[in-house]
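A.B. asks: structure13.cif is reproduced below (mmCIF, C-alpha atoms and all ligand atoms).
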```cif
data_target
loop_
_atom_site.label_atom_id
_atom_site.label_comp_id
_atom_site.auth_asym_id
_atom_site.auth_seq_id
_atom_site.Cartn_x
_atom_site.Cartn_y
_atom_site.Cartn_z
CA MET A 1 21.83 -3.60 -0.72
CA ARG A 2 18.69 -5.00 0.85
CA TYR A 3 15.19 -3.60 0.56
CA ILE A 4 11.51 -4.33 1.11
CA GLU A 5 8.96 -3.52 -1.60
CA PRO A 6 6.00 -2.49 0.56
CA HIS A 7 3.50 -1.86 -2.26
CA ALA A 8 3.44 -3.81 -5.53
CA HIS A 9 0.63 -5.39 -7.55
CA MET A 10 2.51 -8.52 -8.55
CA VAL A 11 -0.50 -10.35 -9.99
CA SER A 12 -0.12 -7.89 -12.90
CA ARG A 13 3.62 -8.45 -13.36
CA VAL A 14 5.58 -11.07 -15.26
CA THR A 15 7.73 -13.63 -13.48
CA ASP A 16 10.91 -11.92 -14.75
CA ASP A 17 10.03 -8.98 -12.49
CA TYR A 18 10.30 -11.24 -9.43
CA GLU A 19 13.74 -12.34 -10.58
CA ARG A 20 14.92 -8.78 -11.21
CA MET A 21 13.63 -7.64 -7.81
CA ALA A 22 15.36 -10.52 -6.04
CA LEU A 23 18.62 -9.76 -7.88
CA ALA A 24 18.34 -6.10 -6.79
CA GLY A 25 18.19 -7.14 -3.11
CA CYS A 26 14.46 -7.36 -2.44
CA GLU A 27 13.66 -9.58 0.56
CA ALA A 28 9.88 -9.22 0.72
CA VAL A 29 7.10 -7.87 -1.42
CA CYS A 30 3.74 -6.68 -0.06
CA GLU A 31 0.68 -6.56 -2.28
CA PRO A 32 -2.36 -4.47 -1.40
CA ALA A 33 -5.67 -5.49 -2.95
CA PHE A 34 -6.51 -3.05 -5.73
CA TRP A 35 -8.46 -2.44 -8.93
CA ALA A 36 -7.66 -4.93 -11.67
CA GLY A 37 -7.94 -2.31 -14.43
CA PHE A 38 -11.57 -3.35 -14.95
CA ASP A 39 -14.55 -3.61 -12.58
CA ARG A 40 -15.32 -7.05 -11.19
CA SER A 41 -18.94 -8.02 -11.71
CA SER A 42 -19.64 -9.93 -8.49
CA PRO A 43 -18.38 -10.76 -4.99
CA ALA A 44 -17.17 -14.09 -6.42
CA GLY A 45 -14.64 -12.16 -8.51
CA PHE A 46 -13.20 -10.67 -5.32
CA HIS A 47 -13.24 -14.04 -3.58
CA ASP A 48 -11.08 -15.49 -6.35
CA TYR A 49 -8.75 -12.46 -6.19
CA PHE A 50 -8.32 -12.90 -2.42
CA CYS A 51 -7.47 -16.58 -3.04
CA GLN A 52 -4.94 -15.51 -5.67
CA LEU A 53 -3.31 -13.05 -3.22
CA THR A 54 -3.17 -15.52 -0.32
CA GLU A 55 -2.50 -18.85 -2.08
CA HIS A 56 -1.04 -18.54 -5.56
CA GLU A 57 1.06 -15.36 -5.47
CA PRO A 58 3.16 -16.35 -2.39
CA LYS A 59 4.18 -19.53 -4.23
CA ARG A 60 5.18 -17.57 -7.34
CA ALA A 61 7.33 -15.22 -5.21
CA ALA A 62 8.89 -18.09 -3.24
CA LYS A 63 10.41 -19.48 -6.44
CA PHE A 64 12.77 -16.49 -6.31
CA GLY A 65 13.39 -16.59 -2.57
CA LEU A 66 11.00 -13.69 -2.01
CA LYS A 67 8.50 -13.53 0.81
CA HIS A 68 5.07 -12.36 -0.34
CA PHE A 69 2.56 -10.62 1.94
CA CYS A 70 -0.78 -9.02 1.08
CA TRP A 71 -3.53 -6.68 2.23
CA LEU A 72 -7.25 -7.26 1.60
CA CYS A 73 -10.15 -4.90 0.84
CA ILE A 74 -12.46 -3.60 -1.85
CA ASN A 75 -10.72 -0.65 -3.50
CA SER A 76 -12.25 2.80 -3.85
CA LYS A 77 -12.60 2.55 -7.65
CA GLU A 78 -15.13 -0.24 -7.18
CA ALA A 79 -16.86 1.29 -4.16
CA GLU A 80 -19.67 3.09 -5.98
CA GLU A 81 -22.07 0.17 -5.52
CA VAL A 82 -22.38 0.08 -1.75
CA LYS A 83 -24.33 -3.19 -1.72
CA LEU A 84 -21.60 -4.97 -3.69
CA ALA A 85 -19.01 -3.46 -1.33
CA GLU A 86 -20.91 -4.78 1.69
CA GLU A 87 -20.94 -8.27 0.22
CA VAL A 88 -17.20 -8.13 -0.52
CA ILE A 89 -16.40 -6.78 2.96
CA ALA A 90 -18.37 -9.69 4.45
CA LEU A 91 -15.98 -12.11 2.68
CA ILE A 92 -12.82 -10.62 4.17
CA PRO A 93 -12.82 -11.84 7.82
CA LYS A 94 -12.40 -15.50 6.86
CA PHE A 95 -9.19 -14.60 5.00
CA LEU A 96 -7.64 -12.50 7.79
CA ASP A 97 -6.01 -15.45 9.55
CA ARG A 98 -4.15 -16.59 6.44
CA PRO A 99 -0.38 -16.52 7.04
CA ASN A 100 0.54 -13.76 4.55
CA VAL A 101 -2.28 -11.28 5.30
CA LEU A 102 -0.98 -8.07 6.94
CA GLY A 103 -4.17 -6.03 7.25
CA ILE A 104 -6.86 -4.03 5.43
CA GLY A 105 -5.74 -2.13 2.31
CA GLU A 106 -5.44 -0.35 0.07
CA ILE A 107 -8.64 1.35 1.18
CA GLY A 108 -9.20 5.06 0.62
CA LEU A 109 -10.74 7.43 -1.86
CA ASN A 110 -10.56 7.89 -5.61
CA LYS A 111 -13.04 10.62 -6.59
CA ASN A 112 -13.97 11.56 -3.01
CA SER A 113 -17.62 10.53 -3.60
CA ARG A 114 -20.20 9.85 -0.87
CA SER A 115 -20.30 6.13 -1.67
CA GLU A 116 -16.51 5.90 -1.47
CA LEU A 117 -16.57 7.63 1.92
CA ARG A 118 -19.26 5.26 3.19
CA VAL A 119 -17.25 2.21 2.07
CA LEU A 120 -14.06 3.68 3.56
CA GLU A 121 -15.79 4.06 6.93
CA MET A 122 -17.03 0.47 6.74
CA GLN A 123 -13.53 -0.84 6.08
CA VAL A 124 -11.92 1.29 8.80
CA ALA A 125 -14.49 -0.23 11.16
CA LEU A 126 -13.63 -3.72 9.84
CA ALA A 127 -9.93 -3.12 10.57
CA ALA A 128 -10.76 -1.81 14.05
CA ARG A 129 -12.98 -4.81 14.88
CA HIS A 130 -10.25 -7.26 13.86
CA GLN A 131 -7.25 -5.22 15.15
CA GLN A 132 -5.73 -5.01 11.68
CA LEU A 133 -3.10 -2.65 10.27
CA ILE A 134 -4.43 -0.21 7.66
CA LEU A 135 -2.91 0.83 4.32
CA VAL A 136 -4.57 3.79 2.59
CA HIS A 137 -4.61 4.86 -1.07
CA THR A 138 -4.99 8.62 -1.61
CA PRO A 139 -6.54 10.12 -4.75
CA HIS A 140 -4.62 11.42 -7.72
CA LEU A 141 -3.64 14.97 -8.66
CA GLU A 142 -6.27 17.63 -7.97
CA ASP A 143 -8.32 15.34 -5.71
CA LYS A 144 -5.38 14.40 -3.47
CA LEU A 145 -5.36 17.24 -0.94
CA LYS A 146 -9.11 17.18 -0.27
CA GLY A 147 -9.16 13.37 -0.30
CA THR A 148 -6.28 13.11 2.16
CA ARG A 149 -8.07 15.52 4.53
CA LEU A 150 -11.30 13.49 4.29
CA ILE A 151 -9.43 10.23 4.91
CA LEU A 152 -7.63 11.61 7.97
CA ASP A 153 -10.99 12.78 9.34
CA VAL A 154 -12.52 9.31 8.93
CA LEU A 155 -9.54 7.69 10.67
CA LYS A 156 -9.49 10.23 13.52
CA ASN A 157 -13.25 9.89 14.01
CA ASP A 158 -12.92 6.17 14.80
CA GLN A 159 -11.55 6.22 18.35
CA ARG A 160 -10.34 2.62 18.05
CA ILE A 161 -7.76 3.46 15.37
CA GLN A 162 -4.16 3.88 16.57
CA PRO A 163 -2.40 6.29 14.20
CA GLN A 164 0.94 4.46 14.33
CA ARG A 165 -0.82 1.41 12.82
CA VAL A 166 -1.91 3.33 9.70
CA ILE A 167 0.11 4.14 6.58
CA ILE A 168 -1.17 6.75 4.14
CA ASP A 169 0.28 6.01 0.72
CA HIS A 170 1.02 8.10 -2.39
CA VAL A 171 1.81 11.22 -0.33
CA GLU A 172 3.34 14.19 -2.12
CA GLU A 173 4.92 17.48 -1.07
CA HIS A 174 1.56 19.04 -0.13
CA THR A 175 0.15 16.09 1.86
CA VAL A 176 3.11 14.49 3.69
CA LYS A 177 3.15 16.93 6.61
CA MET A 178 -0.52 16.51 7.58
CA VAL A 179 -0.06 12.72 7.61
CA LEU A 180 3.08 12.80 9.77
CA ASP A 181 1.52 15.41 12.07
CA ALA A 182 -1.41 13.03 12.60
CA GLY A 183 1.05 10.43 13.93
CA MET A 184 0.59 8.12 10.96
CA TRP A 185 3.14 6.70 8.54
CA ALA A 186 3.51 8.06 5.01
CA GLY A 187 4.40 6.20 1.82
CA MET A 188 5.93 7.80 -1.27
CA THR A 189 5.10 6.13 -4.56
CA LEU A 190 7.76 6.27 -7.25
CA TYR A 191 6.16 6.49 -10.67
CA PRO A 192 7.88 7.29 -13.95
CA GLU A 193 5.23 9.92 -14.86
CA THR A 194 2.74 10.76 -12.10
CA LYS A 195 3.00 10.61 -8.29
CA CYS A 196 6.63 11.05 -7.03
CA THR A 197 9.74 10.81 -9.17
CA PRO A 198 12.87 9.57 -7.33
CA ALA A 199 14.23 13.14 -7.25
CA ARG A 200 11.05 14.51 -5.67
CA ALA A 201 10.90 11.67 -3.13
CA ILE A 202 14.49 12.39 -2.05
CA ASP A 203 13.68 16.12 -1.77
CA ILE A 204 10.82 15.16 0.57
CA LEU A 205 13.15 12.96 2.65
CA GLU A 206 15.66 15.80 2.89
CA THR A 207 12.87 18.15 4.01
CA PHE A 208 10.96 15.93 6.43
CA GLY A 209 13.61 13.46 7.65
CA HIS A 210 13.52 9.67 7.70
CA GLU A 211 10.98 9.05 10.47
CA ARG A 212 7.78 7.12 9.54
CA LEU A 213 8.41 7.36 5.78
CA TRP A 214 8.87 4.62 3.19
CA LEU A 215 9.28 4.26 -0.56
CA ASN A 216 7.37 1.96 -2.90
CA SER A 217 6.96 1.34 -6.61
CA ALA A 218 3.22 0.52 -6.59
CA CYS A 219 3.98 -1.31 -9.84
CA ASP A 220 0.85 -2.65 -11.50
CA TRP A 221 -0.62 -3.25 -14.97
CA GLY A 222 0.08 0.37 -16.06
CA VAL A 223 3.24 2.38 -16.71
CA SER A 224 5.29 1.66 -13.59
CA ASP A 225 8.69 0.29 -12.56
CA PRO A 226 9.13 -2.69 -10.20
CA LEU A 227 12.74 -1.57 -9.57
CA ALA A 228 11.83 1.99 -8.59
CA VAL A 229 12.86 1.50 -4.94
CA PRO A 230 16.44 0.25 -5.56
CA LYS A 231 16.84 2.87 -8.31
CA THR A 232 15.87 5.58 -5.82
CA ALA A 233 18.28 4.11 -3.25
CA LEU A 234 21.04 4.47 -5.85
CA GLU A 235 19.95 8.07 -6.48
CA MET A 236 20.13 8.74 -2.71
CA LYS A 237 23.67 7.37 -2.70
CA LYS A 238 24.62 9.65 -5.61
CA ARG A 239 23.21 12.61 -3.67
CA GLY A 240 25.44 11.79 -0.71
CA HIS A 241 23.04 10.05 1.66
CA ALA A 242 24.82 7.67 4.07
CA ALA A 243 24.37 3.92 3.63
CA GLY A 244 22.68 3.68 7.02
CA ALA A 245 20.13 6.36 6.12
CA ILE A 246 19.29 4.61 2.86
CA ASP A 247 18.89 1.26 4.62
CA ARG A 248 16.59 2.87 7.14
CA VAL A 249 14.21 4.17 4.46
CA VAL A 250 14.15 1.15 2.15
CA TYR A 251 14.43 -1.65 4.75
CA GLN A 252 14.22 -0.76 8.44
CA ASN A 253 11.21 1.58 8.20
CA PRO A 254 8.94 -0.85 6.31
CA GLN A 255 10.15 -3.63 8.61
CA LYS A 256 9.23 -1.54 11.66
CA PHE A 257 5.75 -0.61 10.43
CA LEU A 258 4.86 -4.01 8.97
CA GLY A 259 6.39 -5.82 11.96
CA GLN A 260 3.46 -4.52 14.02
CA CYS A 261 1.71 -7.46 12.39
CA LEU A 262 3.34 -10.51 13.98
CA LYS A 263 3.00 -12.48 10.73
CA PHE A 264 5.55 -10.20 9.04
CA LYS A 265 8.79 -12.12 9.59
CA LEU A 266 11.82 -12.02 7.29
ZN ZN B 301 -1.61 0.24 -5.25
#
```
Here is the file; what I need is its structure written in the form of structure tokens.
Ligand SMILES: [Zn+2]
C.D. replies:
Amino acid sequence: MRYIEPHAHMVSRVTDDYERMALAGCEAVCEPAFWAGFDRSSPAGFHDYFCQLTEHEPKRAAKFGLKHFCWLCINSKEAEEVKLAEEVIALIPKFLDRPNVLGIGEIGLNKNSRSELRVLEMQVALAARHQQLILVHTPHLEDKLKGTRLILDVLKNDQRIQPQRVIIDHVEEHTVKMVLDAGMWAGMTLYPETKCTPARAIDILETFGHERLWLNSACDWGVSDPLAVPKTALEMKKRGHAAGAIDRVVYQNPQKFLGQCLKFKL
């Protein structure tokens, strides 16, 4: 099989993970900028992270024949200090022309605070000004429904944003419909404990179809599985899904969305 991993935090993973992903049929891995597990103390910390995502990590992936792409932003967990966020956002434009940068992400909300909303609006505006794709992180558990509604409002309020150029990630049963109804793409994150299990993700596919949906592992420095996408593809096969339908979800759909950025070539 072939697949694209559209959301993985590879800077937190060991090199063996790249090898295992390549052996499982991965052709490209896409890495949104996210929280490192600790708060960075200055814009310089983000500058170095953006260099890591655009210079070092593609070389590490290439050793296993994997293409590496990334998204840039300040994440919502570090968006409480609006002044710091402004300084980080000011760094981003000079990185946008780098060959593996796909857009602005993963922006979004964590605790749905006022500062997070302000920083989200600033980064949606940044994406609009530079005609960038957008990848959105939605909050966890009890904050998810309200947070997803707030995020959709911010995106709809900026007239420059084209919904088909936005993916809302970490959707679950109660948020996927509002995202698809808004004309946006929806990502399902396969986590061993929280977010979607493979079984739940396949239930969602069977309920909502295969249009504008993708699967990702969002593997990072916590409990997560870099092989969650191929494992879910196997589960789909066991549940009787046709090979073409599986390929559509794990390869053709991410290729279609990401291909809206002309730098995404396999
Ligand atoms: Zn993530």
A.B. asks: List every protein, DNA or RNA residue that has at least one atom no more than 7 Å from (5.4, -1.7, -3.1) in the file's coordinates, counting only C-alpha atoms, and write the result as an MDAnalysis selection string.
C.D. replies: chainID A and resid 5:8 29:31 216:219
A.B. asks: Store the residues picked out above in a file with C-alpha atoms, as a PDB file, keeping the file's coordinate frame.
C.D. replies:
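Done, and the output landed in out.pdb:
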```
ATOM      1  CA  GLU A   5       8.960  -3.520  -1.600  1.00  0.00           C
ATOM      2  CA  PRO A   6       6.000  -2.490   0.560  1.00  0.00           C
ATOM      3  CA  HIS A   7       3.500  -1.860  -2.260  1.00  0.00           C
ATOM      4  CA  ALA A   8       3.440  -3.810  -5.530  1.00  0.00           C
ATOM      5  CA  VAL A  29       7.100  -7.870  -1.420  1.00  0.00           C
ATOM      6  CA  CYS A  30       3.740  -6.680  -0.060  1.00  0.00           C
ATOM      7  CA  GLU A  31       0.680  -6.560  -2.280  1.00  0.00           C
ATOM      8  CA  ASN A 216       7.370   1.960  -2.900  1.00  0.00           C
ATOM      9  CA  SER A 217       6.960   1.340  -6.610  1.00  0.00           C
ATOM     10  CA  ALA A 218       3.220   0.520  -6.590  1.00  0.00           C
ATOM     11  CA  CYS A 219       3.980  -1.310  -9.840  1.00  0.00           C
TER      12      CYS A 219
END
```
A.B. asks: So that I can check the surroundings of A:Gln162, please list as a count of residues only every protein, DNA and RNA residue that reaches within 9 Å of it, counting all atoms listed in the file and ignoring chain neighbours fewer than 6 positions away.
C.D. replies: 4
A.B. asks: Counting only C-alpha atoms and all ligand atoms, which of A:Ile4, A:Leu135, A:Leu66, A:Val14 gets nearest to ligand ZN 301 (chain B)?
C.D. replies: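 Between A:Ile4, A:Leu135, A:Leu66, A:Val14, the residue approaching ligand ZN 301 (chain B) most closely is A:Leu135.
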A.B. asks: Neighbours of A:His210 within 12 Å (only C-alpha atoms; same-chain residues fewer than 6 positions away dropped), as an mmCIF file with C-alpha atoms, keeping the file's coordinate frame?
C.D. replies:
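Printed below is selection-v9.cif as written:
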```
data_model
loop_
_atom_site.group_PDB
_atom_site.id
_atom_site.type_symbol
_atom_site.label_atom_id
_atom_site.label_comp_id
_atom_site.auth_asym_id
_atom_site.auth_seq_id
_atom_site.Cartn_x
_atom_site.Cartn_y
_atom_site.Cartn_z
ATOM 1 C CA LEU A 180 3.080 12.800 9.770
ATOM 2 C CA TRP A 185 3.140 6.700 8.540
ATOM 3 C CA ALA A 186 3.510 8.060 5.010
ATOM 4 C CA GLY A 187 4.400 6.200 1.820
ATOM 5 C CA MET A 188 5.930 7.800 -1.270
ATOM 6 C CA ALA A 201 10.900 11.670 -3.130
ATOM 7 C CA ILE A 202 14.490 12.390 -2.050
ATOM 8 C CA ASP A 203 13.680 16.120 -1.770
ATOM 9 C CA ILE A 204 10.820 15.160 0.570
ATOM 10 C CA HIS A 241 23.040 10.050 1.660
ATOM 11 C CA GLY A 244 22.680 3.680 7.020
ATOM 12 C CA ALA A 245 20.130 6.360 6.120
ATOM 13 C CA ILE A 246 19.290 4.610 2.860
ATOM 14 C CA ASP A 247 18.890 1.260 4.620
ATOM 15 C CA ARG A 248 16.590 2.870 7.140
ATOM 16 C CA VAL A 249 14.210 4.170 4.460
ATOM 17 C CA VAL A 250 14.150 1.150 2.150
ATOM 18 C CA TYR A 251 14.430 -1.650 4.750
ATOM 19 C CA GLN A 252 14.220 -0.760 8.440
ATOM 20 C CA ASN A 253 11.210 1.580 8.200
ATOM 21 C CA PRO A 254 8.940 -0.850 6.310
#
```
A.B. asks: I'd like the contact shell of A:Met178 - 12 Å cut-off, only C-alpha atoms, skipping same-chain residues fewer than 2 positions apart - returned as an mmCIF file with C-alpha atoms, in the coordinates of the input.
C.D. replies:
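Listing of around_0.cif after writing:
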```
data_model
loop_
_atom_site.group_PDB
_atom_site.id
_atom_site.type_symbol
_atom_site.label_atom_id
_atom_site.label_comp_id
_atom_site.auth_asym_id
_atom_site.auth_seq_id
_atom_site.Cartn_x
_atom_site.Cartn_y
_atom_site.Cartn_z
ATOM 1 C CA LEU A 145 -5.360 17.240 -0.940
ATOM 2 C CA LYS A 146 -9.110 17.180 -0.270
ATOM 3 C CA THR A 148 -6.280 13.110 2.160
ATOM 4 C CA ARG A 149 -8.070 15.520 4.530
ATOM 5 C CA LEU A 150 -11.300 13.490 4.290
ATOM 6 C CA ILE A 151 -9.430 10.230 4.910
ATOM 7 C CA LEU A 152 -7.630 11.610 7.970
ATOM 8 C CA ASP A 153 -10.990 12.780 9.340
ATOM 9 C CA ILE A 168 -1.170 6.750 4.140
ATOM 10 C CA VAL A 171 1.810 11.220 -0.330
ATOM 11 C CA GLU A 172 3.340 14.190 -2.120
ATOM 12 C CA GLU A 173 4.920 17.480 -1.070
ATOM 13 C CA HIS A 174 1.560 19.040 -0.130
ATOM 14 C CA THR A 175 0.150 16.090 1.860
ATOM 15 C CA VAL A 176 3.110 14.490 3.690
ATOM 16 C CA LEU A 180 3.080 12.800 9.770
ATOM 17 C CA ASP A 181 1.520 15.410 12.070
ATOM 18 C CA ALA A 182 -1.410 13.030 12.600
ATOM 19 C CA GLY A 183 1.050 10.430 13.930
ATOM 20 C CA MET A 184 0.590 8.120 10.960
ATOM 21 C CA TRP A 185 3.140 6.700 8.540
ATOM 22 C CA ALA A 186 3.510 8.060 5.010
ATOM 23 C CA PHE A 208 10.960 15.930 6.430
#
```
A.B. asks: Find the spatial neighbours of A:Gln131, counting all atoms listed in the file, within a cut-off of 10 Å - ignore same-chain residues fewer than 3 positions away - and output them as a list of chain:residue names.
C.D. replies: A:Gly103, A:Ile104, A:Ala125, A:Leu126, A:Ala127, A:Ala128, A:Ile134, A:Arg160, A:Ile161, A:Gln162, A:Arg165, A:Cys261
A.B. asks: Residues at most 10 Å from stretch 60-62 of chain A, counting all atoms listed in the file, excluding those fewer than 6 positions away in the same chain, as a ChimeraX atom specification?
C.D. replies: /A:10-11,15,17-19,22,28-29,68-69
A.B. asks: What does the structure give for the distance between atom CA of A:Asp97 and atom CA of A:Lys83, in Å to one decimal?
C.D. replies: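 Pair atom CA of A:Asp97 / atom CA of A:Lys83 returns 24.8 Å.
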A.B. asks: Which is closest to A:Ala36 among A:Asp158, A:Leu141, A:Asp220, A:Arg118, if we use only C-alpha atoms?
C.D. replies: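 For A:Ala36, the nearest of the candidates is A:Asp220.
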A.B. asks: Rounded to one decimal in Å, what is the spacing between atom CA of A:Pro99 and atom CA of A:Pro139?
C.D. replies: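 Between atom CA of A:Pro99 and atom CA of A:Pro139 the gap is 29.8 Å.
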A.B. asks: Just how far from atom CA of A:Tyr49 is atom CA of A:Gly25, in Å to one decimal?
C.D. replies: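 Distance between the two atoms: 27.6 Å.
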A.B. asks: Looking at A:Gln132, A:Thr197, A:Gln164, A:Asn100, which one is nearest to A:Cys51, with distances taken over only C-alpha atoms?
C.D. replies: A:Asn100
A.B. asks: With only C-alpha atoms and all ligand atoms as the basis for distance, which of A:Arg98, A:Lys231, A:Arg13, A:His137 is at the shortest distance from ligand ZN 301 (chain B)?
C.D. replies: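 For ligand ZN 301 (chain B), the nearest of the candidates is A:His137.
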A.B. asks: From the set A:Leu227, A:Leu117, A:Leu215, A:Ala242, which residue has the shortest atom-to-atom contact distance to A:Met21, counting all atoms listed in the file?
C.D. replies: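 So, comparing all the options, the nearest one is A:Leu227.
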A.B. asks: Please determine, counting all atoms listed in the file, which residue among A:His140, A:Gln255, A:Tyr191, A:Gly209 has the shortest atom-to-atom distance to A:Ser224.
C.D. replies: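 When distances to A:Ser224 are compared using all atoms listed in the file, the smallest one comes from A:Tyr191.
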A.B. asks: Please, which residues are within 8 Å of (-3.3, -13.6, -1.6) by the file's coordinates, counting all atoms listed in the file, and could they come as a PyMOL selection string?
C.D. replies: chain A and resi 49-58+69-71+100-101
A.B. asks: Once 6 Å is added on each side, what centre and edge lengths in Å to one decimal does the axis-aligned box around all listed atoms of stretch 242-255 of chain A have, as JSON?
C.D. replies:
```
{"center_x": 16.9, "center_y": 2.0, "center_z": 5.4, "size_x": 27.9, "size_y": 23.3, "size_z": 18.5}
```
